[in-house]
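Heads up, structure.cif below (mmCIF, C-alpha atoms):
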data_target
loop_
_atom_site.label_atom_id
_atom_site.label_comp_id
_atom_site.auth_asym_id
_atom_site.auth_seq_id
_atom_site.Cartn_x
_atom_site.Cartn_y
_atom_site.Cartn_z
CA MET A 1 7.18 48.06 62.85
CA ILE A 2 7.36 45.09 65.26
CA SER A 3 6.16 47.21 68.18
CA SER A 4 3.21 48.38 66.07
CA ILE A 5 2.24 44.77 65.28
CA ILE A 6 2.51 43.83 68.96
CA THR A 7 0.39 46.81 69.97
CA THR A 8 -2.24 45.96 67.36
CA THR A 9 -2.28 42.31 68.45
CA LEU A 10 -2.63 43.22 72.11
CA LEU A 11 -5.43 45.64 71.29
CA ALA A 12 -7.23 42.95 69.31
CA LEU A 13 -6.88 40.51 72.21
CA VAL A 14 -8.21 43.07 74.67
CA LEU A 15 -11.18 43.80 72.42
CA LEU A 16 -11.82 40.07 72.02
CA ALA A 17 -11.70 39.58 75.79
CA LEU A 18 -14.11 42.48 76.32
CA LEU A 19 -16.45 41.01 73.72
CA VAL A 20 -16.40 37.60 75.40
CA MET A 21 -16.94 39.14 78.82
CA SER A 22 -19.94 41.10 77.55
CA LEU A 23 -21.48 38.14 75.74
CA ILE A 24 -21.28 35.72 78.68
CA PRO A 25 -23.76 37.66 80.88
CA LEU A 26 -26.12 38.08 77.94
CA GLY A 27 -25.90 34.40 77.07
CA VAL A 28 -26.42 33.31 80.68
CA HIS A 29 -29.49 35.48 81.27
CA LEU A 30 -31.08 34.52 77.96
CA GLY A 31 -30.02 30.88 77.76
CA PHE A 32 -30.72 29.99 81.39
CA ARG A 33 -33.97 31.94 81.75
CA ALA A 34 -36.76 29.75 83.08
CA PRO A 35 -39.76 29.54 80.73
CA ARG A 36 -43.02 30.52 82.42
CA VAL A 37 -45.76 27.92 81.90
CA PRO A 38 -49.19 29.10 83.08
CA ALA A 39 -51.58 26.68 84.74
CA ILE A 40 -54.59 25.67 82.65
CA GLY A 41 -56.27 23.54 85.31
CA SER A 42 -56.57 23.16 89.06
CA PRO A 43 -56.78 20.47 91.74
CA ALA A 44 -60.51 20.31 91.01
CA ASP A 45 -59.62 18.44 87.81
CA PHE A 46 -58.36 15.64 90.06
CA GLY A 47 -61.42 15.76 92.28
CA LEU A 48 -59.47 17.52 95.04
CA ALA A 49 -60.86 20.26 97.25
CA PHE A 50 -58.42 23.15 97.61
CA ASP A 51 -57.81 26.68 98.79
CA SER A 52 -55.96 29.11 96.53
CA VAL A 53 -53.17 30.76 98.51
CA ARG A 54 -50.72 33.60 98.04
CA PHE A 55 -47.88 34.35 100.41
CA PRO A 56 -44.71 36.48 100.55
CA THR A 57 -41.17 35.42 99.81
CA LEU A 58 -37.92 37.36 99.68
CA ARG A 59 -37.34 40.61 97.78
CA GLY A 60 -40.97 41.69 98.21
CA ARG A 61 -42.32 39.03 95.85
CA PHE A 62 -45.38 36.86 96.32
CA LEU A 63 -45.92 33.20 95.52
CA SER A 64 -49.15 31.56 94.38
CA GLY A 65 -50.24 28.04 95.17
CA TRP A 66 -52.87 25.61 96.38
CA LEU A 67 -53.44 24.08 99.79
CA LEU A 68 -55.18 20.70 99.72
CA PRO A 69 -56.48 20.28 103.27
CA ALA A 70 -57.11 16.85 104.78
CA ALA A 71 -59.60 16.56 107.62
CA ASP A 72 -57.93 16.82 111.05
CA ALA A 73 -54.48 16.18 109.52
CA THR A 74 -51.50 17.63 111.38
CA ARG A 75 -48.95 16.47 108.77
CA THR A 76 -48.24 18.34 105.54
CA VAL A 77 -46.17 17.64 102.44
CA ILE A 78 -44.97 20.68 100.51
CA VAL A 79 -44.51 19.96 96.79
CA LEU A 80 -42.01 21.96 94.72
CA HIS A 81 -41.82 21.71 90.94
CA GLY A 82 -38.77 21.86 88.69
CA TRP A 83 -37.28 24.37 86.26
CA GLY A 84 -39.82 25.77 83.79
CA SER A 85 -42.64 23.80 85.41
CA ASN A 86 -45.43 24.76 87.80
CA ALA A 87 -47.56 23.46 90.64
CA GLU A 88 -50.20 22.07 88.29
CA GLN A 89 -47.75 19.65 86.70
CA MET A 90 -47.06 18.16 90.15
CA LEU A 91 -50.72 17.43 90.94
CA PRO A 92 -50.51 13.73 89.94
CA LEU A 93 -47.99 13.22 92.74
CA ALA A 94 -50.03 15.28 95.20
CA GLN A 95 -53.10 13.12 94.73
CA PRO A 96 -51.90 9.89 96.44
CA LEU A 97 -50.38 11.92 99.28
CA HIS A 98 -53.67 13.69 99.91
CA GLN A 99 -55.66 10.48 99.62
CA ALA A 100 -53.44 8.98 102.33
CA GLY A 101 -54.61 11.68 104.74
CA LEU A 102 -51.89 14.32 104.35
CA ASN A 103 -52.34 18.01 103.79
CA VAL A 104 -50.53 19.03 100.61
CA LEU A 105 -49.23 22.49 99.76
CA LEU A 106 -48.17 23.13 96.17
CA PHE A 107 -46.82 26.46 94.98
CA ASP A 108 -45.11 28.12 92.02
CA ALA A 109 -41.56 29.36 92.56
CA ARG A 110 -40.64 32.87 91.49
CA ASN A 111 -40.72 33.35 87.70
CA HIS A 112 -42.95 30.28 87.39
CA GLY A 113 -46.67 29.72 87.00
CA ALA A 114 -48.76 32.44 88.64
CA SER A 115 -46.09 33.66 91.08
CA ASP A 116 -44.33 37.01 90.85
CA GLY A 117 -41.34 37.46 88.61
CA ASP A 118 -37.84 38.30 89.76
CA SER A 119 -34.47 39.09 88.19
CA PHE A 120 -33.47 35.42 87.83
CA SER A 121 -34.23 31.91 89.07
CA SER A 122 -31.73 29.60 90.75
CA LEU A 123 -31.55 26.61 93.06
CA PRO A 124 -30.92 28.87 96.08
CA ARG A 125 -33.94 31.00 95.20
CA PHE A 126 -36.09 27.89 94.87
CA ALA A 127 -34.86 27.01 98.38
CA GLU A 128 -35.70 30.50 99.64
CA ASP A 129 -39.22 30.14 98.27
CA LEU A 130 -39.54 26.75 99.97
CA GLY A 131 -38.49 28.34 103.25
CA ALA A 132 -41.12 31.04 102.71
CA ALA A 133 -43.77 28.36 102.14
CA ILE A 134 -42.81 26.67 105.43
CA ASN A 135 -42.96 30.01 107.26
CA TRP A 136 -46.39 30.78 105.84
CA LEU A 137 -47.75 27.31 106.61
CA GLN A 138 -46.62 27.43 110.23
CA ARG A 139 -47.89 30.97 110.68
CA GLN A 140 -51.27 30.54 109.02
CA HIS A 141 -51.93 26.84 109.68
CA PRO A 142 -50.11 25.85 112.88
CA SER A 143 -52.42 22.89 113.45
CA ARG A 144 -51.39 21.45 110.07
CA SER A 145 -47.66 21.98 110.69
CA ALA A 146 -46.78 19.49 113.40
CA TRP A 147 -44.78 17.56 110.80
CA ILE A 148 -43.60 18.88 107.43
CA ALA A 149 -42.07 16.91 104.58
CA VAL A 150 -40.99 18.18 101.17
CA LEU A 151 -41.30 16.55 97.77
CA GLY A 152 -39.24 18.26 95.08
CA HIS A 153 -38.59 17.57 91.41
CA SER A 154 -35.37 18.33 89.51
CA VAL A 155 -34.05 21.73 90.64
CA GLY A 156 -36.90 21.69 93.18
CA ALA A 157 -35.41 18.47 94.55
CA GLY A 158 -31.96 20.04 94.79
CA ALA A 159 -33.52 23.05 96.52
CA ALA A 160 -35.34 20.78 98.97
CA LEU A 161 -32.06 19.07 99.89
CA PHE A 162 -30.26 22.40 100.24
CA GLU A 163 -33.03 23.90 102.39
CA ALA A 164 -33.08 20.76 104.56
CA THR A 165 -29.41 21.36 105.46
CA ARG A 166 -30.37 24.59 107.22
CA ASN A 167 -34.06 24.24 108.10
CA PRO A 168 -34.73 21.82 110.98
CA ARG A 169 -38.49 22.08 110.42
CA ILE A 170 -38.19 19.72 107.42
CA ALA A 171 -38.81 16.20 108.74
CA ALA A 172 -38.31 14.27 105.49
CA VAL A 173 -37.43 14.86 101.83
CA ILE A 174 -38.53 13.03 98.69
CA SER A 175 -36.12 14.04 95.93
CA ILE A 176 -37.23 13.23 92.37
CA GLY A 177 -34.77 13.58 89.49
CA ALA A 178 -32.17 15.66 91.33
CA PHE A 179 -28.89 16.41 89.54
CA ALA A 180 -25.70 15.70 91.45
CA ASP A 181 -23.67 18.83 90.68
CA PRO A 182 -24.78 22.12 89.05
CA ALA A 183 -21.27 22.61 87.67
CA GLN A 184 -21.51 19.37 85.70
CA LEU A 185 -25.09 20.15 84.72
CA THR A 186 -23.90 23.48 83.28
CA GLU A 187 -21.09 21.73 81.44
CA ARG A 188 -23.55 19.23 79.92
CA TYR A 189 -25.84 22.06 78.85
CA LEU A 190 -23.00 24.03 77.23
CA ALA A 191 -21.39 20.98 75.59
CA ARG A 192 -23.87 21.15 72.71
CA LEU A 193 -22.57 24.63 71.86
CA HIS A 194 -18.98 23.35 71.46
CA LEU A 195 -17.56 26.33 73.33
CA PRO A 196 -13.88 26.61 74.28
CA SER A 197 -13.20 25.29 77.77
CA PHE A 198 -12.13 28.70 79.09
CA ILE A 199 -15.52 30.19 78.14
CA VAL A 200 -17.30 27.33 79.89
CA GLU A 201 -15.23 28.02 83.03
CA LEU A 202 -15.92 31.76 82.83
CA THR A 203 -19.62 31.03 82.43
CA LYS A 204 -19.67 28.85 85.54
CA ARG A 205 -17.85 31.49 87.58
CA TYR A 206 -20.27 34.18 86.35
CA VAL A 207 -23.31 32.07 87.29
CA GLU A 208 -21.86 31.51 90.76
CA TRP A 209 -21.35 35.26 91.13
CA VAL A 210 -24.93 36.00 90.03
CA ILE A 211 -26.61 33.48 92.34
CA GLY A 212 -24.31 34.30 95.26
CA HIS A 213 -23.27 30.70 95.95
CA ARG A 214 -20.45 28.44 94.87
CA PHE A 215 -21.71 25.39 93.01
CA ALA A 216 -19.94 23.12 95.48
CA THR A 217 -21.98 24.59 98.34
CA ILE A 218 -25.38 23.90 96.78
CA ALA A 219 -24.54 20.67 94.89
CA PRO A 220 -26.89 17.87 96.02
CA VAL A 221 -23.96 15.44 96.04
CA ASN A 222 -22.48 17.60 98.79
CA SER A 223 -25.58 18.88 100.58
CA ILE A 224 -26.87 15.30 101.04
CA ARG A 225 -24.07 14.81 103.57
CA ARG A 226 -25.48 17.63 105.71
CA VAL A 227 -29.18 16.74 105.57
CA PRO A 228 -30.18 15.42 109.02
CA CYS A 229 -33.60 14.03 108.08
CA PRO A 230 -34.54 10.89 106.11
CA VAL A 231 -34.32 11.24 102.31
CA LEU A 232 -35.81 9.14 99.52
CA LEU A 233 -34.01 9.64 96.20
CA VAL A 234 -36.33 8.77 93.31
CA HIS A 235 -34.95 8.60 89.78
CA GLY A 236 -36.07 7.19 86.44
CA ASP A 237 -33.67 4.83 84.71
CA GLN A 238 -34.58 6.42 81.36
CA ASP A 239 -33.88 9.99 82.44
CA ARG A 240 -32.07 11.70 79.54
CA THR A 241 -31.93 15.14 81.19
CA VAL A 242 -30.32 14.04 84.45
CA PRO A 243 -28.72 10.60 84.06
CA ILE A 244 -29.39 7.91 86.66
CA GLU A 245 -25.67 8.07 87.48
CA ASP A 246 -26.35 11.41 89.20
CA ALA A 247 -28.75 9.74 91.64
CA LYS A 248 -26.28 6.96 92.28
CA ARG A 249 -23.55 9.52 93.04
CA ILE A 250 -25.80 11.33 95.52
CA ALA A 251 -26.75 8.05 97.18
CA ALA A 252 -23.12 6.94 97.38
CA ALA A 253 -22.19 10.18 99.15
CA ALA A 254 -24.97 9.82 101.73
CA ASP A 255 -25.41 8.00 105.01
CA PRO A 256 -27.24 4.80 103.96
CA THR A 257 -29.11 4.70 107.26
CA ARG A 258 -30.90 7.93 106.34
CA VAL A 259 -30.93 7.97 102.53
CA LYS A 260 -32.48 5.41 100.20
CA LEU A 261 -32.49 5.26 96.39
CA PHE A 262 -35.59 4.10 94.53
CA VAL A 263 -35.15 3.62 90.76
CA VAL A 264 -38.31 3.79 88.65
CA ALA A 265 -38.05 1.53 85.60
CA GLY A 266 -38.98 3.18 82.32
CA ALA A 267 -39.35 6.67 83.79
CA GLY A 268 -37.81 9.74 82.19
CA HIS A 269 -37.07 13.09 83.77
CA ASP A 270 -40.65 14.35 83.54
CA SER A 271 -42.45 11.00 83.90
CA VAL A 272 -44.62 12.10 86.79
CA ASP A 273 -47.25 9.55 85.73
CA LYS A 274 -44.83 6.62 86.08
CA ILE A 275 -43.70 7.81 89.49
CA GLU A 276 -47.32 8.32 90.56
CA ALA A 277 -47.88 4.62 89.86
CA HIS A 278 -45.41 3.94 92.68
CA GLY A 279 -47.18 6.13 95.20
CA ASP A 280 -47.13 3.23 97.65
CA GLN A 281 -43.33 3.52 97.77
CA LEU A 282 -43.56 7.22 98.61
CA LEU A 283 -46.14 6.56 101.30
CA ALA A 284 -44.09 3.72 102.76
CA PHE A 285 -41.12 6.08 103.05
CA LEU A 286 -43.35 8.56 104.86
CA ARG A 287 -44.55 5.62 107.00
CA LEU A 288 -48.12 5.90 105.85
CA PRO A 289 -50.44 3.04 104.83
#
Whole structure given in structure tokens:
Amino acid sequence: MISSIITTTLLALVLLALLVMSLIPLGVHLGFRAPRVPAIGSPADFGLAFDSVRFPTLRGRFLSGWLLPAADATRTVIVLHGWGSNAEQMLPLAQPLHQAGLNVLLFDARNHGASDGDSFSSLPRFAEDLGAAINWLQRQHPSRSAWIAVLGHSVGAGAALFEATRNPRIAAVISIGAFADPAQLTERYLARLHLPSFIVELTKRYVEWVIGHRFATIAPVNSIRRVPCPVLLVHGDQDRTVPIEDAKRIAAAADPTRVKLFVVAGAGHDSVDKIEAHGDQLLAFLRLP
């Protein structure tokens, strides 16, 4: 009798474990899927001349974007949007950069905007797409590639920092609204579901397995230590998605001679308009008038 109860209990536990293990992948791929937001406008809406571009990235996919050429400019800023966003939503920040005499390249990451889809999106894949954009720019527009900076938002900012640790062609990074640690970001996201701690831990390990990187390797709070170029961390003090404390943690982990923190009063996570109003600060960092 006792052995039968033990066997039944063990069987129930095994079935429960199998159920949990099957639900975690489903939950991750559905809950963390990036929404695709199509562009409804273009740089022309901002009075900007542009060329529509399309170039290859990894896994046989192609990325779509816009190149805003500046006459005789040899310096280019590549702009990378955040999760569930697109190149169009970054145009307000591209405008002051272009007006200052810089070429600007904006593009949609995989699974975003008009770019090709792929099995999943992640910070490392955003970084791969950024690397592909740099490759394309140098191959197709060598005269515009003497100096390349990157401006990234949210996960695009984290990707810019990660790519800068391994890509010496990046001369400067402007990071807007970067989170400090993807592990803590995942925990904050899952906290609203009130899941048991062991499921949260299993979920984090599964995500790491899917993206092929440990969170500690790609965490901006760690990668900032390995970025050799100057970095400007920009963060809104009213950011409810990524708290300002994340920016302060990244700044505290960095070499203060290379990394500066600029806090934008009243700006939230997606307050591109408020950050645009401080374009002079971005240009000063890039040492432009």
Which residues would end up in the selection if the PyMOL selection byres ((chain A and resi 121) around 8) were applied here, given that I need the answer as a short mmCIF file (atom, residue, chain, number, x, y, z; two decimals) with C-alpha atoms, in the coordinates of the input?
data_model
loop_
_atom_site.label_atom_id
_atom_site.label_comp_id
_atom_site.auth_asym_id
_atom_site.auth_seq_id
_atom_site.Cartn_x
_atom_site.Cartn_y
_atom_site.Cartn_z
CA ARG A 33 -33.97 31.94 81.75
CA ALA A 34 -36.76 29.75 83.08
CA ARG A 110 -40.64 32.87 91.49
CA ASN A 111 -40.72 33.35 87.70
CA ASP A 118 -37.84 38.30 89.76
CA SER A 119 -34.47 39.09 88.19
CA PHE A 120 -33.47 35.42 87.83
CA SER A 122 -31.73 29.60 90.75
CA LEU A 123 -31.55 26.61 93.06
CA ARG A 125 -33.94 31.00 95.20
CA PHE A 126 -36.09 27.89 94.87
#
Resolved residues for the PyMOL selection byres ((chain A and resi 250) around 9) as a list in words:
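Checking the PyMOL selection byres ((chain A and resi 250) around 9) against this file, the residues are Ala178, Phe179, Ala180, Pro220, Val221, Asn222, Ile224, Arg225, Leu233, Glu245, Asp246, Ala247, Lys248, Arg249, Ala251, Ala252, Ala253 and Ala254 of chain A.
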Restricting the output to C-alpha atoms, write the selected residues as a PDB file, in the frame of the given file.
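Result file is out39.pdb:
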ATOM      1  CA  ALA A 178     -32.170  15.660  91.330  1.00  0.00           C
ATOM      2  CA  PHE A 179     -28.890  16.410  89.540  1.00  0.00           C
ATOM      3  CA  ALA A 180     -25.700  15.700  91.450  1.00  0.00           C
ATOM      4  CA  PRO A 220     -26.890  17.870  96.020  1.00  0.00           C
ATOM      5  CA  VAL A 221     -23.960  15.440  96.040  1.00  0.00           C
ATOM      6  CA  ASN A 222     -22.480  17.600  98.790  1.00  0.00           C
ATOM      7  CA  ILE A 224     -26.870  15.300 101.040  1.00  0.00           C
ATOM      8  CA  ARG A 225     -24.070  14.810 103.570  1.00  0.00           C
ATOM      9  CA  LEU A 233     -34.010   9.640  96.200  1.00  0.00           C
ATOM     10  CA  GLU A 245     -25.670   8.070  87.480  1.00  0.00           C
ATOM     11  CA  ASP A 246     -26.350  11.410  89.200  1.00  0.00           C
ATOM     12  CA  ALA A 247     -28.750   9.740  91.640  1.00  0.00           C
ATOM     13  CA  LYS A 248     -26.280   6.960  92.280  1.00  0.00           C
ATOM     14  CA  ARG A 249     -23.550   9.520  93.040  1.00  0.00           C
ATOM     15  CA  ALA A 251     -26.750   8.050  97.180  1.00  0.00           C
ATOM     16  CA  ALA A 252     -23.120   6.940  97.380  1.00  0.00           C
ATOM     17  CA  ALA A 253     -22.190  10.180  99.150  1.00  0.00           C
ATOM     18  CA  ALA A 254     -24.970   9.820 101.730  1.00  0.00           C
TER      19      ALA A 254
END
request  = Determine the residue set returned by the PyMOL selection byres ((chain A and resi 78) around 8) for the present structure, and present it as a PyMOL selection string.
outcome  = chain A and resi 76-77+79-80+104-106+133+148-151
With range 84-94 of chain A as the partner and 10 Å as the cut-off, tabulate the residues of range 111-176 of chain A that qualify, each row holding the nearest pair of atoms and their distance in Å to one decimal, using all atoms listed in the file, sorted by chain and rising number, as CSV.
residue,atom,partner,partner_atom,distance
A:Asn111,CA,A:Gly84,CA,8.6
A:His112,CA,A:Asn86,CA,6.1
A:Gly113,CA,A:Asn86,CA,5.2
A:Ala114,CA,A:Asn86,CA,8.4
A:Ser115,CA,A:Asn86,CA,9.5
A:Ser121,CA,A:Gly84,CA,9.8
A:Leu151,CA,A:Leu93,CA,9.0
A:Gly152,CA,A:Met90,CA,9.2
A:His153,CA,A:Met90,CA,8.6
A:Ser154,CA,A:Ser85,CA,10.0
A:Val155,CA,A:Gly84,CA,9.8
A:Gly156,CA,A:Ser85,CA,9.9
_Report, in Å with one decimal, the straight-line distance from CA of Arg59 in chain A to CA of Glu208 in chain A._
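Distance reported for this atom pair: 19.3 Å.
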Tell me, in Å to one decimal, how far CA of Thr57 in chain A is from CA of Pro230 in chain A.
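Here the two named atoms are 26.2 Å from each other.
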Surrounding residues of Leu67 in chain A excluding itself and chain neighbours under 4 positions, 9 Å, all atoms listed in the file, as an NGL selection string:
:A and (49-53 or 103-107)
Give me, as a PDB file with C-alpha atoms, in the coordinates of the input, all polymer residues having an atom no more than 8 Å from Gly266 in chain A, counting all atoms listed in the file and skipping those fewer than 4 positions away in the same chain.
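The resulting file, out.pdb, is shown below:
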ATOM      1  CA  GLY A 236     -36.070   7.190  86.440  1.00  0.00           C
ATOM      2  CA  ASP A 237     -33.670   4.830  84.710  1.00  0.00           C
ATOM      3  CA  GLN A 238     -34.580   6.420  81.360  1.00  0.00           C
ATOM      4  CA  LYS A 274     -44.830   6.620  86.080  1.00  0.00           C
TER       5      LYS A 274
END
Q.
Here is a test: counting only C-alpha atoms, which residue of A:Val272, A:Ile40, A:Ala191, A:Ile176 is nearest to Ile244 in chain A?
A.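 Between A:Val272, A:Ile40, A:Ala191, A:Ile176, the residue approaching Ile244 in chain A most closely is A:Ile176.
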Query - Straight-line distance linking CA of Val242 in chain A with CA of Ala132 in chain A, stated in Å to one decimal - result: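 Those two atoms sit 27.2 Å apart.
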Residue neighbourhood Leu282 in chain A, 9 Å, all atoms listed in the file, exclusion window fewer than 6 positions, as a PyMOL selection string: chain A and resi 97+174+232+276+288
Shell around Glu163 in chain A at 10 Å using only C-alpha atoms, local window under 2 positions removed, as a short mmCIF file (atom, residue, chain, number, x, y, z; two decimals) with C-alpha atoms, keeping the file's coordinate frame:
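In the end it all went to result_27.cif:
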data_model
loop_
_atom_site.label_atom_id
_atom_site.label_comp_id
_atom_site.auth_asym_id
_atom_site.auth_seq_id
_atom_site.Cartn_x
_atom_site.Cartn_y
_atom_site.Cartn_z
CA LEU A 123 -31.55 26.61 93.06
CA PRO A 124 -30.92 28.87 96.08
CA PHE A 126 -36.09 27.89 94.87
CA ALA A 127 -34.86 27.01 98.38
CA GLU A 128 -35.70 30.50 99.64
CA ASP A 129 -39.22 30.14 98.27
CA LEU A 130 -39.54 26.75 99.97
CA GLY A 131 -38.49 28.34 103.25
CA VAL A 150 -40.99 18.18 101.17
CA ALA A 157 -35.41 18.47 94.55
CA GLY A 158 -31.96 20.04 94.79
CA ALA A 159 -33.52 23.05 96.52
CA ALA A 160 -35.34 20.78 98.97
CA LEU A 161 -32.06 19.07 99.89
CA THR A 165 -29.41 21.36 105.46
CA ARG A 166 -30.37 24.59 107.22
CA ASN A 167 -34.06 24.24 108.10
CA PRO A 168 -34.73 21.82 110.98
CA ARG A 169 -38.49 22.08 110.42
CA ILE A 170 -38.19 19.72 107.42
CA ILE A 218 -25.38 23.90 96.78
CA SER A 223 -25.58 18.88 100.58
CA VAL A 227 -29.18 16.74 105.57
#
